[in-house]
Number of protein chains: 4
Amino acid sequence: MFVLVNLKAYPCDPVAVAEAATSVESDQAEIAIAPQAAHIDRVADTGVETWAQHVSPVEHGSHTGSTLAEATSDAGATGTLLNHSENRLKLADIDGSLDVAQRVGLDTCVCANNPEQIGAAAALGPDAVAVEPPELIGTGTPVSKADPDIVRDAVEATKDVDPSVDVYCGAGISTGEDVVAAQELGADGVLLASGVAKADDPAEALESLVDPL
Amino acid sequence: MFVLVNLKAYPCDPVAVAEAATSVESDQAEIAIAPQAAHIDRVADTGVETWAQHVSPVEHGSHTGSTLAEATSDAGATGTLLNHSENRLKLADIDGSLDVAQRVGLDTCVCANNPEQIGAAAALGPDAVAVEPPELIGTGTPVSKADPDIVRDAVEATKDVDPSVDVYCGAGISTGEDVVAAQELGADGVLLASGVAKADDPAEALESLVDPL
Amino acid sequence: MFVLVNLKAYPCDPVAVAEAATSVESDQAEIAIAPQAAHIDRVADTGVETWAQHVSPVEHGSHTGSTLAEATSDAGATGTLLNHSENRLKLADIDGSLDVAQRVGLDTCVCANNPEQIGAAAALGPDAVAVEPPELIGTGTPVSKADPDIVRDAVEATKDVDPSVDVYCGAGISTGEDVVAAQELGADGVLLASGVAKADDPAEALESLVDPL
Amino acid sequence: MFVLVNLKAYPCDPVAVAEAATSVESDQAEIAIAPQAAHIDRVADTGVETWAQHVSPVEHGSHTGSTLAEATSDAGATGTLLNHSENRLKLADIDGSLDVAQRVGLDTCVCANNPEQIGAAAALGPDAVAVEPPELIGTGTPVSKADPDIVRDAVEATKDVDPSVDVYCGAGISTGEDVVAAQELGADGVLLASGVAKADDPAEALESLVDPL
């Protein structure tokens, strides 16, 4: 299982969370951290797999305030989220951001709200899609419990379009049991945020998530 | 063939174009006009099939400046474009606008740039998709001539996802020959704009488009 | 006092509200109605002063899905709101929309959240600005009661920049007493929405608002 | 004079440009570099004054893909551009970004197209505003030559609103003569981009800009 910890704009110490992630030993889990763009450098320096939270659909050129895929890669990112529910993108821009991310060699995960949008996202050819029903984000109620059919339908919609695309499951994941439930519903990974980023002991939080795998 | 004339924000007389459309007799073509929202009422009064250029992904409520699907329908619209290249929408908003349009009973056509995005749009369940390579819009060079594979690939991407979704072809269509070429490549309709909206004699322009069918 | 009733995307009958407005007799109040763009035509036909809820910062041309100032004017609008809190615009687009609205002869009112933004809006040269603290919209608590200093400061910020710009007061206005309070704080008008649009008897609602003037 | 070199999304080596900037000796010029957010860390490590190209109008919290002011500050930024013509912001978001930037202690410069918008930007209380007519960006023709009145009017509009706000001048500045002309028109600084970022020898390019001061 892929476990992506999204640090969002939380007031956490990104390096401490990254170091916690590198300390977790598991052959069943691959942990990555997605910090603020300005923190990618120092997070990647810990040796943890580092993701951008977003890259802009732009190439080198006159694009002030953009997040250039090449710059996140220089700084150490090896993957990027796209179209997170807190950063919804135009359809054409998801396509454009995937193009630049793929050219730079970043892994890509496109988030979406529901199985229809997941099917649409999968049609654009990302490495993975992530289903995150907005009404569950930050609730502590995992989608695998609140509405397991959404996960099953998202997996099915993805595999119908392109069986090579992985499916991650976000929103409300906070325990190892939730991670196992996501796996049993067909997910290849999970997206987490506050459960780890805001934990008093991020290493312990991560261990309890991956231990049951 | 479905022939949709998009009046955009052109300085044309929308009622004159609508009346021209009602005067064209053809059993091979179904002509519709998409005026400014503020002109739907008077265009629909001519008896022509009338489309909105866009509806917002909102339900009744506090949404100042939105284009409410119900209001366009009240005024006489029976269909709507979505995600035109001059009005790109977020993936989640295309999904939301489709939901409200369908509940109100509007036909829907989601535009997109290329076959990948067309596949994504088709996955959201519209009545039709329209492929309009942005580099050809307004050029007078039809996509059927500039790059016929884009149309073929768009048709294939759509049918792979959902064979019930129609495919329209836009960008650069200006002659009856272009319409026939689109049809031969598998398109179920065409999107037009300046060729008719800015013609000295819109009825003549429309007749020359549908005559060869 | 100018009294602008914003119908937003409410499920009301816009013509019934417009007719109610025309039935109210008052030499102290000037009542206008801002319906959906697709309803401007029929609302203006009642003879009431009709406003658009928004116009796009575009001129005639290729702008699908825009709200062309000329089209709203054709349909009968004589004014437009801009930058309502439910439709926030880029600074450059407020400036662009003001330019097109003014060329077409529409009256303009730029909304903003707080006195600083009101000063900025006034610097762009609209006919009026409207202060609407977002936290009060739809609450039924008028800004004149919740925080009268916001109105006073908005009036002062406006007059410092350009004494010819009128100041309207929105958010939470629901009684004639609220309208009088706004006037006493220096406002030249009020913005209303649900209090009239959702009233069982809009004429009665409007009369009770303007009677105490 | 303040000289801000905006590296945009150019394919330059940000550290090389930063080191060039630190090598320039001048008591008349203060040079700062605005790299991609992911490069702030390494640029600030050279000791040069480092600016963000943008910060989002958000506080700590759930804001994936945002540029958190605190994160840019952590990484070493001491200032930020806002509302660059390549990254136009909503009026309310300029106000919100100024609030977070100021709380974190970043210097702020709000860009705008013309004297009216400059007056509006100044009313929001930034440290500086920058006038950059979009039609001149990247042309090599400085605004001080193409239309000196725009600079004079921008200075006047700013001083009318708040005399403590500095005025910078951008678009087309490429020689020391242009910098002097900007200064003579009342500007307190200049914004540059390709002239330095794409120079074969950025140190030489910067020296030739500040030497005539």
# chains A, B, ... in the order shown; residues from 1 in each chain; ligands from 1

$ closest_atom_pairs --of "chain A" --to "chain D" --cutoff "6 Å" --atoms "only C-alpha atoms" --output "Markdown table"
| residue | atom | partner | partner_atom | distance |
| --- | --- | --- | --- | --- |
| A:Lys8 | CA | D:Thr64 | CA | 4.5 |
| A:Ala9 | CA | D:Gly61 | CA | 5.1 |
| A:Tyr10 | CA | D:Gly61 | CA | 4.9 |
| A:Pro11 | CA | D:His60 | CA | 5.8 |
| A:Ala37 | CA | D:Ala38 | CA | 4.9 |
| A:Ala38 | CA | D:Ala38 | CA | 4.5 |
| A:Gln53 | CA | D:Gly65 | CA | 4.9 |
| A:His54 | CA | D:Gly65 | CA | 5.1 |
| A:His60 | CA | D:Ala9 | CA | 5.1 |
| A:Gly61 | CA | D:Tyr10 | CA | 5.0 |
| A:Ser62 | CA | D:Lys8 | CA | 5.6 |
| A:His63 | CA | D:Lys8 | CA | 5.4 |
| A:Thr64 | CA | D:Lys8 | CA | 4.5 |
| A:Gly65 | CA | D:Gln53 | CA | 4.9 |
| A:Ala71 | CA | D:Ala38 | CA | 6.0 |
| A:Thr72 | CA | D:Ala38 | CA | 5.7 |
| A:Glu86 | CA | D:Thr64 | CA | 5.5 |

$ write_last_selection --atoms "all heavy atoms" --output "compact mmCIF listing (two decimals), in the first residue's frame"
# COMPACT_ATOMS: atom_id res chain seq x y z
N LYS A 8 -0.58 19.68 3.66
CA LYS A 8 -1.45 20.85 3.40
C LYS A 8 -0.76 22.16 3.83
O LYS A 8 0.41 22.36 3.50
CB LYS A 8 -2.78 20.64 4.13
CG LYS A 8 -3.52 19.39 3.63
CD LYS A 8 -4.93 19.30 4.20
CE LYS A 8 -5.68 18.12 3.57
NZ LYS A 8 -7.09 18.09 3.98
N ALA A 9 -1.47 23.01 4.53
CA ALA A 9 -0.86 24.24 5.05
C ALA A 9 -0.85 24.17 6.58
O ALA A 9 -0.99 25.17 7.27
CB ALA A 9 -1.65 25.46 4.57
N TYR A 10 -0.67 22.95 7.09
CA TYR A 10 -0.73 22.75 8.54
C TYR A 10 0.49 23.38 9.23
O TYR A 10 1.57 23.45 8.66
CB TYR A 10 -0.74 21.26 8.88
CG TYR A 10 -2.02 20.56 8.48
CD1 TYR A 10 -1.98 19.28 7.96
CD2 TYR A 10 -3.26 21.16 8.65
CE1 TYR A 10 -3.14 18.61 7.60
CE2 TYR A 10 -4.42 20.50 8.29
CZ TYR A 10 -4.36 19.23 7.78
OH TYR A 10 -5.51 18.58 7.43
N PRO A 11 0.31 23.76 10.48
CA PRO A 11 1.41 24.35 11.25
C PRO A 11 2.32 23.29 11.84
O PRO A 11 2.72 23.39 12.99
CB PRO A 11 0.68 25.15 12.33
CG PRO A 11 -0.58 24.39 12.56
CD PRO A 11 -0.97 23.81 11.21
N ALA A 37 5.43 23.64 -1.27
CA ALA A 37 6.50 23.69 -2.27
C ALA A 37 7.79 24.25 -1.67
O ALA A 37 8.89 23.77 -1.96
CB ALA A 37 6.06 24.54 -3.46
N ALA A 38 7.66 25.25 -0.82
CA ALA A 38 8.85 25.89 -0.25
C ALA A 38 9.59 24.98 0.74
O ALA A 38 10.69 25.30 1.17
CB ALA A 38 8.47 27.21 0.43
N GLN A 53 2.27 19.12 -3.77
CA GLN A 53 0.81 19.12 -3.58
C GLN A 53 0.10 19.52 -4.87
O GLN A 53 -1.11 19.37 -5.00
CB GLN A 53 0.43 20.09 -2.46
CG GLN A 53 0.93 19.66 -1.09
CD GLN A 53 0.54 20.65 0.02
OE1 GLN A 53 -0.27 21.53 -0.20
NE2 GLN A 53 1.13 20.49 1.20
N HIS A 54 0.86 20.04 -5.82
CA HIS A 54 0.28 20.56 -7.06
C HIS A 54 1.42 20.98 -7.97
O HIS A 54 2.45 21.44 -7.49
CB HIS A 54 -0.58 21.79 -6.74
CG HIS A 54 -1.01 22.59 -7.93
ND1 HIS A 54 -1.91 22.13 -8.86
CD2 HIS A 54 -0.64 23.83 -8.37
CE1 HIS A 54 -2.09 23.04 -9.80
NE2 HIS A 54 -1.33 24.08 -9.52
N HIS A 60 8.44 25.93 -19.04
CA HIS A 60 9.33 27.05 -18.79
C HIS A 60 8.83 28.29 -19.52
O HIS A 60 8.44 28.21 -20.68
CB HIS A 60 10.75 26.72 -19.30
CG HIS A 60 11.55 25.92 -18.34
ND1 HIS A 60 12.16 24.73 -18.69
CD2 HIS A 60 11.83 26.11 -17.03
CE1 HIS A 60 12.79 24.24 -17.64
NE2 HIS A 60 12.60 25.04 -16.62
N GLY A 61 8.86 29.44 -18.85
CA GLY A 61 8.43 30.66 -19.53
C GLY A 61 7.94 31.69 -18.54
O GLY A 61 8.30 31.68 -17.36
N SER A 62 7.10 32.59 -19.02
CA SER A 62 6.64 33.74 -18.24
C SER A 62 5.38 33.35 -17.46
O SER A 62 4.26 33.55 -17.94
CB SER A 62 6.36 34.91 -19.19
OG SER A 62 7.57 35.36 -19.76
N HIS A 63 5.55 32.78 -16.30
CA HIS A 63 4.43 32.30 -15.51
C HIS A 63 4.69 32.59 -14.04
O HIS A 63 4.98 31.68 -13.25
CB HIS A 63 4.24 30.79 -15.70
CG HIS A 63 4.13 30.35 -17.13
ND1 HIS A 63 3.05 30.63 -17.91
CD2 HIS A 63 5.00 29.69 -17.92
CE1 HIS A 63 3.24 30.14 -19.13
NE2 HIS A 63 4.41 29.57 -19.17
N THR A 64 4.59 33.85 -13.67
CA THR A 64 4.85 34.26 -12.29
C THR A 64 3.84 33.62 -11.33
O THR A 64 2.64 33.63 -11.61
CB THR A 64 4.75 35.79 -12.19
OG1 THR A 64 5.74 36.35 -13.05
CG2 THR A 64 4.97 36.27 -10.77
N GLY A 65 4.34 33.10 -10.21
CA GLY A 65 3.45 32.55 -9.20
C GLY A 65 2.99 31.14 -9.49
O GLY A 65 2.23 30.57 -8.71
N ALA A 71 10.84 22.76 -11.17
CA ALA A 71 11.38 23.31 -9.92
C ALA A 71 11.09 22.37 -8.76
O ALA A 71 11.93 22.18 -7.88
CB ALA A 71 10.79 24.70 -9.66
N THR A 72 9.91 21.75 -8.75
CA THR A 72 9.62 20.82 -7.65
C THR A 72 10.52 19.59 -7.77
O THR A 72 10.96 19.04 -6.76
CB THR A 72 8.14 20.37 -7.65
OG1 THR A 72 7.86 19.60 -8.82
CG2 THR A 72 7.19 21.54 -7.56
N GLU A 86 -9.22 20.63 -2.37
CA GLU A 86 -8.95 22.00 -1.92
C GLU A 86 -8.27 22.82 -3.01
O GLU A 86 -7.85 23.96 -2.77
CB GLU A 86 -8.07 21.95 -0.66
CG GLU A 86 -8.83 21.37 0.53
CD GLU A 86 -7.93 20.76 1.59
OE1 GLU A 86 -6.70 20.96 1.53
OE2 GLU A 86 -8.46 20.06 2.48

$ select_by_dssp --residues "region 19-199 of chain C" --states "strand (DSSP E or B)" --output "JSON, numbers by chain"
{"C": [30, 31, 32, 33, 34, 49, 50, 51, 52, 61, 79, 80, 81, 82, 90, 107, 108, 109, 110, 111, 112, 128, 129, 130, 131, 166, 167, 168, 169, 189, 190, 191, 192]}

$ residues_around --residues "region 164-176 of chain C" --least-positions-apart "4" --cutoff "6 Å" --atoms "only C-alpha atoms" --output "list of chain:residue names"
C:Asp127, C:Ala128, C:Val129, C:Ala130, C:Val131, C:Glu132, C:Leu136, C:Ile137, C:Gly138, C:Thr139, C:Gly140, C:Thr141, C:Pro142, C:Ala187, C:Asp188, C:Gly189, C:Val190, C:Leu191, C:Gly195, C:Ser208, C:Leu209, C:Val210, C:Pro212

$ write_last_selection --atoms "all heavy atoms" --output "tab-separated table (two decimals), in the first residue's frame"
chain	number	residue	atom	x	y	z
C	127	ASP	N	-20.18	53.97	-10.14
C	127	ASP	CA	-21.19	54.89	-9.65
C	127	ASP	C	-21.43	54.70	-8.16
C	127	ASP	O	-21.74	55.65	-7.44
C	127	ASP	CB	-22.51	54.68	-10.41
C	127	ASP	CG	-22.35	55.02	-11.87
C	127	ASP	OD1	-21.95	56.16	-12.17
C	127	ASP	OD2	-22.58	54.13	-12.72
C	128	ALA	N	-21.31	53.45	-7.71
C	128	ALA	CA	-21.56	53.16	-6.29
C	128	ALA	C	-20.72	51.97	-5.85
C	128	ALA	O	-20.25	51.17	-6.68
C	128	ALA	CB	-23.04	52.84	-6.07
C	129	VAL	N	-20.52	51.88	-4.55
C	129	VAL	CA	-19.92	50.70	-3.93
C	129	VAL	C	-20.92	50.18	-2.90
C	129	VAL	O	-21.77	50.94	-2.42
C	129	VAL	CB	-18.58	51.03	-3.23
C	129	VAL	CG1	-17.51	51.39	-4.24
C	129	VAL	CG2	-18.76	52.17	-2.22
C	130	ALA	N	-20.82	48.89	-2.58
C	130	ALA	CA	-21.71	48.32	-1.56
C	130	ALA	C	-20.89	47.51	-0.58
C	130	ALA	O	-20.14	46.62	-0.99
C	130	ALA	CB	-22.77	47.43	-2.21
C	131	VAL	N	-21.03	47.83	0.68
C	131	VAL	CA	-20.28	47.09	1.70
C	131	VAL	C	-21.19	45.98	2.24
C	131	VAL	O	-22.31	46.23	2.68
C	131	VAL	CB	-19.76	48.02	2.81
C	131	VAL	CG1	-20.88	48.74	3.53
C	131	VAL	CG2	-18.89	47.25	3.81
C	132	GLU	N	-20.70	44.76	2.13
C	132	GLU	CA	-21.46	43.58	2.57
C	132	GLU	C	-20.54	42.63	3.32
C	132	GLU	O	-19.96	41.75	2.70
C	132	GLU	CB	-22.01	42.81	1.36
C	132	GLU	CG	-23.12	43.45	0.61
C	132	GLU	CD	-23.88	42.38	-0.19
C	132	GLU	OE1	-23.27	41.72	-1.05
C	132	GLU	OE2	-25.09	42.20	0.07
C	136	LEU	N	-22.30	38.37	7.52
C	136	LEU	CA	-23.66	38.78	7.85
C	136	LEU	C	-24.68	38.43	6.76
C	136	LEU	O	-25.90	38.49	7.01
C	136	LEU	CB	-23.72	40.30	8.10
C	136	LEU	CG	-22.93	40.80	9.30
C	136	LEU	CD1	-23.05	42.31	9.42
C	136	LEU	CD2	-23.40	40.13	10.60
C	137	ILE	N	-24.19	38.06	5.56
C	137	ILE	CA	-25.12	37.81	4.45
C	137	ILE	C	-26.09	36.68	4.80
C	137	ILE	O	-25.68	35.61	5.24
C	137	ILE	CB	-24.34	37.47	3.16
C	137	ILE	CG1	-23.58	38.72	2.69
C	137	ILE	CG2	-25.27	36.97	2.06
C	137	ILE	CD1	-22.74	38.51	1.47
C	138	GLY	N	-27.36	36.97	4.64
C	138	GLY	CA	-28.37	35.95	4.88
C	138	GLY	C	-28.67	35.69	6.34
C	138	GLY	O	-29.42	34.78	6.68
C	139	THR	N	-28.11	36.50	7.24
C	139	THR	CA	-28.30	36.22	8.66
C	139	THR	C	-29.55	36.88	9.23
C	139	THR	O	-30.03	36.48	10.29
C	139	THR	CB	-27.14	36.77	9.52
C	139	THR	OG1	-27.04	38.18	9.28
C	139	THR	CG2	-25.84	36.09	9.15
C	140	GLY	N	-30.03	37.96	8.58
C	140	GLY	CA	-31.12	38.71	9.17
C	140	GLY	C	-30.63	39.73	10.18
C	140	GLY	O	-31.40	40.53	10.70
C	141	THR	N	-29.32	39.72	10.48
C	141	THR	CA	-28.76	40.77	11.34
C	141	THR	C	-28.14	41.82	10.46
C	141	THR	O	-27.18	41.55	9.73
C	141	THR	CB	-27.66	40.20	12.27
C	141	THR	OG1	-28.23	39.16	13.04
C	141	THR	CG2	-27.10	41.29	13.18
C	142	PRO	N	-28.67	43.04	10.46
C	142	PRO	CA	-28.15	44.06	9.55
C	142	PRO	C	-26.78	44.55	10.01
C	142	PRO	O	-26.51	44.61	11.22
C	142	PRO	CB	-29.18	45.18	9.65
C	142	PRO	CG	-29.78	45.03	11.00
C	142	PRO	CD	-29.78	43.55	11.29
C	187	ALA	N	-25.39	55.86	4.31
C	187	ALA	CA	-25.55	55.09	3.08
C	187	ALA	C	-26.58	55.74	2.16
C	187	ALA	O	-27.55	56.35	2.63
C	187	ALA	CB	-25.97	53.66	3.40
C	188	ASP	N	-26.36	55.60	0.86
C	188	ASP	CA	-27.27	56.14	-0.15
C	188	ASP	C	-28.23	55.09	-0.67
C	188	ASP	O	-29.07	55.37	-1.53
C	188	ASP	CB	-26.47	56.67	-1.35
C	188	ASP	CG	-25.41	57.67	-0.92
C	188	ASP	OD1	-25.79	58.81	-0.58
C	188	ASP	OD2	-24.21	57.31	-0.88
C	189	GLY	N	-28.07	53.86	-0.19
C	189	GLY	CA	-28.95	52.79	-0.67
C	189	GLY	C	-28.69	51.51	0.09
C	189	GLY	O	-27.79	51.44	0.94
C	190	VAL	N	-29.52	50.52	-0.21
C	190	VAL	CA	-29.35	49.20	0.43
C	190	VAL	C	-29.47	48.09	-0.61
C	190	VAL	O	-30.14	48.25	-1.63
C	190	VAL	CB	-30.41	48.94	1.53
C	190	VAL	CG1	-30.20	49.87	2.72
C	190	VAL	CG2	-31.82	49.09	0.98
C	191	LEU	N	-28.82	46.98	-0.33
C	191	LEU	CA	-28.95	45.77	-1.12
C	191	LEU	C	-29.71	44.74	-0.30
C	191	LEU	O	-29.37	44.48	0.86
C	191	LEU	CB	-27.56	45.18	-1.43
C	191	LEU	CG	-26.96	45.50	-2.79
C	191	LEU	CD1	-26.79	47.00	-2.95
C	191	LEU	CD2	-25.62	44.80	-2.96
C	195	GLY	N	-35.06	38.62	1.84
C	195	GLY	CA	-36.16	39.25	2.57
C	195	GLY	C	-37.32	39.62	1.65
C	195	GLY	O	-38.48	39.53	2.05
C	208	SER	N	-43.01	47.71	3.53
C	208	SER	CA	-42.57	47.86	4.92
C	208	SER	C	-41.12	48.34	5.00
C	208	SER	O	-40.70	48.93	5.99
C	208	SER	CB	-42.75	46.55	5.68
C	208	SER	OG	-41.72	45.66	5.34
C	209	LEU	N	-40.37	48.09	3.93
C	209	LEU	CA	-38.98	48.55	3.92
C	209	LEU	C	-38.87	50.05	3.65
C	209	LEU	O	-38.01	50.73	4.22
C	209	LEU	CB	-38.19	47.81	2.82
C	209	LEU	CG	-37.79	46.38	3.18
C	209	LEU	CD1	-37.43	45.61	1.91
C	209	LEU	CD2	-36.61	46.39	4.15
C	210	VAL	N	-39.72	50.54	2.75
C	210	VAL	CA	-39.55	51.93	2.33
C	210	VAL	C	-40.47	52.89	3.08
C	210	VAL	O	-40.23	54.12	3.07
C	210	VAL	CB	-39.75	52.10	0.80
C	210	VAL	CG1	-38.79	51.17	0.05
C	210	VAL	CG2	-41.17	51.84	0.37
C	212	PRO	N	-40.84	53.69	6.28
C	212	PRO	CA	-40.29	54.57	7.31
C	212	PRO	C	-39.37	55.68	6.77
C	212	PRO	O	-38.92	56.52	7.54
C	212	PRO	CB	-39.47	53.63	8.21
C	212	PRO	CG	-39.93	52.24	7.85
C	212	PRO	CD	-40.37	52.30	6.42

$ residues_around --residues "Ile33 (chain A)" --least-positions-apart "3" --cutoff "9 Å" --atoms "only C-alpha atoms" --output "list of chain:residue names"
A:Val3, A:Leu4, A:Val5, A:Asn6, A:Leu7, A:Pro14, A:Val17, A:Ala18, A:Ala21, A:Val43, A:Ala44, A:Val48, A:Glu49, A:Thr50, A:Trp51, A:Ala52

$ write_last_selection --atoms "all heavy atoms" --output "CSV table (one decimal), in the first residue's frame"
chain,number,residue,atom,x,y,z
A,3,VAL,N,1.1,5.1,1.0
A,3,VAL,CA,0.6,5.9,2.0
A,3,VAL,C,1.1,7.3,1.8
A,3,VAL,O,2.3,7.6,2.1
A,3,VAL,CB,1.0,5.4,3.4
A,3,VAL,CG1,0.5,6.3,4.5
A,3,VAL,CG2,0.4,4.0,3.7
A,4,LEU,N,0.3,8.2,1.4
A,4,LEU,CA,0.7,9.6,1.1
A,4,LEU,C,0.2,10.5,2.2
A,4,LEU,O,-1.0,10.6,2.4
A,4,LEU,CB,0.2,10.1,-0.2
A,4,LEU,CG,0.6,11.5,-0.6
A,4,LEU,CD1,2.1,11.6,-0.8
A,4,LEU,CD2,-0.1,12.0,-1.9
A,5,VAL,N,1.1,11.2,2.9
A,5,VAL,CA,0.8,12.1,4.0
A,5,VAL,C,0.8,13.5,3.4
A,5,VAL,O,1.9,14.0,3.1
A,5,VAL,CB,1.7,11.9,5.2
A,5,VAL,CG1,1.3,12.9,6.3
A,5,VAL,CG2,1.7,10.5,5.7
A,6,ASN,N,-0.3,14.1,3.3
A,6,ASN,CA,-0.4,15.5,2.7
A,6,ASN,C,-0.4,16.5,3.9
A,6,ASN,O,-1.2,16.6,4.7
A,6,ASN,CB,-1.8,15.6,2.0
A,6,ASN,CG,-2.1,16.9,1.4
A,6,ASN,OD1,-1.3,17.9,1.6
A,6,ASN,ND2,-3.3,17.1,0.8
A,7,LEU,N,0.7,17.3,3.9
A,7,LEU,CA,0.9,18.3,5.0
A,7,LEU,C,0.1,19.5,4.8
A,7,LEU,O,0.1,20.4,5.7
A,7,LEU,CB,2.4,18.6,5.2
A,7,LEU,CG,3.3,17.4,5.5
A,7,LEU,CD1,4.7,17.9,5.8
A,7,LEU,CD2,2.8,16.5,6.6
A,14,PRO,N,7.6,20.1,9.0
A,14,PRO,CA,7.6,19.1,7.9
A,14,PRO,C,8.8,18.2,8.0
A,14,PRO,O,8.7,17.0,7.6
A,14,PRO,CB,7.7,20.0,6.6
A,14,PRO,CG,8.1,21.3,7.1
A,14,PRO,CD,7.7,21.5,8.5
A,17,VAL,N,8.0,15.4,10.5
A,17,VAL,CA,7.1,14.4,10.0
A,17,VAL,C,7.9,13.5,9.0
A,17,VAL,O,7.7,12.3,8.9
A,17,VAL,CB,5.9,15.0,9.3
A,17,VAL,CG1,5.0,13.9,8.7
A,17,VAL,CG2,5.1,15.9,10.3
A,18,ALA,N,8.7,14.1,8.2
A,18,ALA,CA,9.5,13.4,7.2
A,18,ALA,C,10.4,12.4,7.8
A,18,ALA,O,10.5,11.2,7.4
A,18,ALA,CB,10.3,14.3,6.3
A,21,ALA,N,8.6,9.5,9.1
A,21,ALA,CA,8.3,8.6,8.0
A,21,ALA,C,9.4,7.7,7.6
A,21,ALA,O,9.3,6.5,7.3
A,21,ALA,CB,7.8,9.3,6.7
A,43,VAL,N,12.5,18.6,3.1
A,43,VAL,CA,11.8,17.3,3.3
A,43,VAL,C,12.5,16.2,2.5
A,43,VAL,O,12.8,15.1,3.0
A,43,VAL,CB,10.3,17.4,2.9
A,43,VAL,CG1,9.7,16.0,2.8
A,43,VAL,CG2,9.6,18.2,4.0
A,44,ALA,N,12.9,16.5,1.3
A,44,ALA,CA,13.5,15.5,0.4
A,44,ALA,C,14.9,15.2,1.0
A,44,ALA,O,15.4,14.0,0.9
A,44,ALA,CB,13.7,16.0,-1.0
A,48,VAL,N,13.1,10.8,2.6
A,48,VAL,CA,11.8,10.3,2.4
A,48,VAL,C,11.3,10.6,1.0
A,48,VAL,O,11.7,11.5,0.3
A,48,VAL,CB,10.8,11.0,3.4
A,48,VAL,CG1,10.4,12.4,3.0
A,48,VAL,CG2,9.5,10.1,3.7
A,49,GLU,N,10.4,9.7,0.5
A,49,GLU,CA,9.8,10.0,-0.8
A,49,GLU,C,8.9,11.3,-0.7
A,49,GLU,O,8.1,11.4,0.2
A,49,GLU,CB,8.9,8.8,-1.3
A,49,GLU,CG,8.3,9.0,-2.6
A,49,GLU,CD,7.5,7.8,-3.1
A,49,GLU,OE1,7.7,6.7,-2.7
A,49,GLU,OE2,6.6,8.0,-4.0
A,50,THR,N,9.2,12.3,-1.6
A,50,THR,CA,8.6,13.6,-1.4
A,50,THR,C,7.7,13.9,-2.6
A,50,THR,O,8.1,13.7,-3.8
A,50,THR,CB,9.7,14.6,-1.3
A,50,THR,OG1,10.6,14.2,-0.2
A,50,THR,CG2,9.1,16.0,-0.9
A,51,TRP,N,6.5,14.4,-2.3
A,51,TRP,CA,5.6,14.8,-3.4
A,51,TRP,C,5.3,16.3,-3.3
A,51,TRP,O,5.3,16.8,-2.3
A,51,TRP,CB,4.3,14.0,-3.3
A,51,TRP,CG,4.3,12.6,-3.9
A,51,TRP,CD1,5.3,11.7,-3.7
A,51,TRP,CD2,3.4,12.0,-4.7
A,51,TRP,NE1,5.0,10.5,-4.4
A,51,TRP,CE2,3.8,10.7,-5.0
A,51,TRP,CE3,2.1,12.4,-5.2
A,51,TRP,CZ2,3.1,9.8,-5.8
A,51,TRP,CZ3,1.4,11.5,-6.1
A,51,TRP,CH2,1.9,10.2,-6.3
A,52,ALA,N,5.0,16.8,-4.5
A,52,ALA,CA,4.4,18.2,-4.5
A,52,ALA,C,2.9,18.0,-4.3
A,52,ALA,O,2.3,17.0,-4.5
A,52,ALA,CB,4.6,18.8,-5.9

$ atom_distance --atom1 "CA of Val180 (chain D)" --atom2 "CA of Gly47 (chain D)"
26.1 Å

$ residues_around --residues "Ile150 (chain B)" --least-positions-apart "6" --cutoff "9 Å" --atoms "only C-alpha atoms" --output "ChimeraX atom specification"
/B:114-115,131,133,143-144

$ atom_distance --atom1 "CA of Leu98 (chain A)" --atom2 "CA of Glu116 (chain B)"
11.5 Å

$ residues_around --residues "region 117-124 of chain B" --least-positions-apart "3" --cutoff "7 Å" --atoms "only C-alpha atoms" --output "MDAnalysis selection string"
(chainID A and resid 116:117 119:121 123:124) or (chainID B and resid 95 110 112:114 129 131 154 157:158 161:162 165)

$ select_by_dssp --residues "region 42-79 of chain A" --states "helix (DSSP H, G or I)" --output "PyMOL selection string"
chain A and resi 42-44+69-74

$ atom_distance --atom1 "CA of Ala146 (chain B)" --atom2 "CA of Met1 (chain B)"
20.7 Å
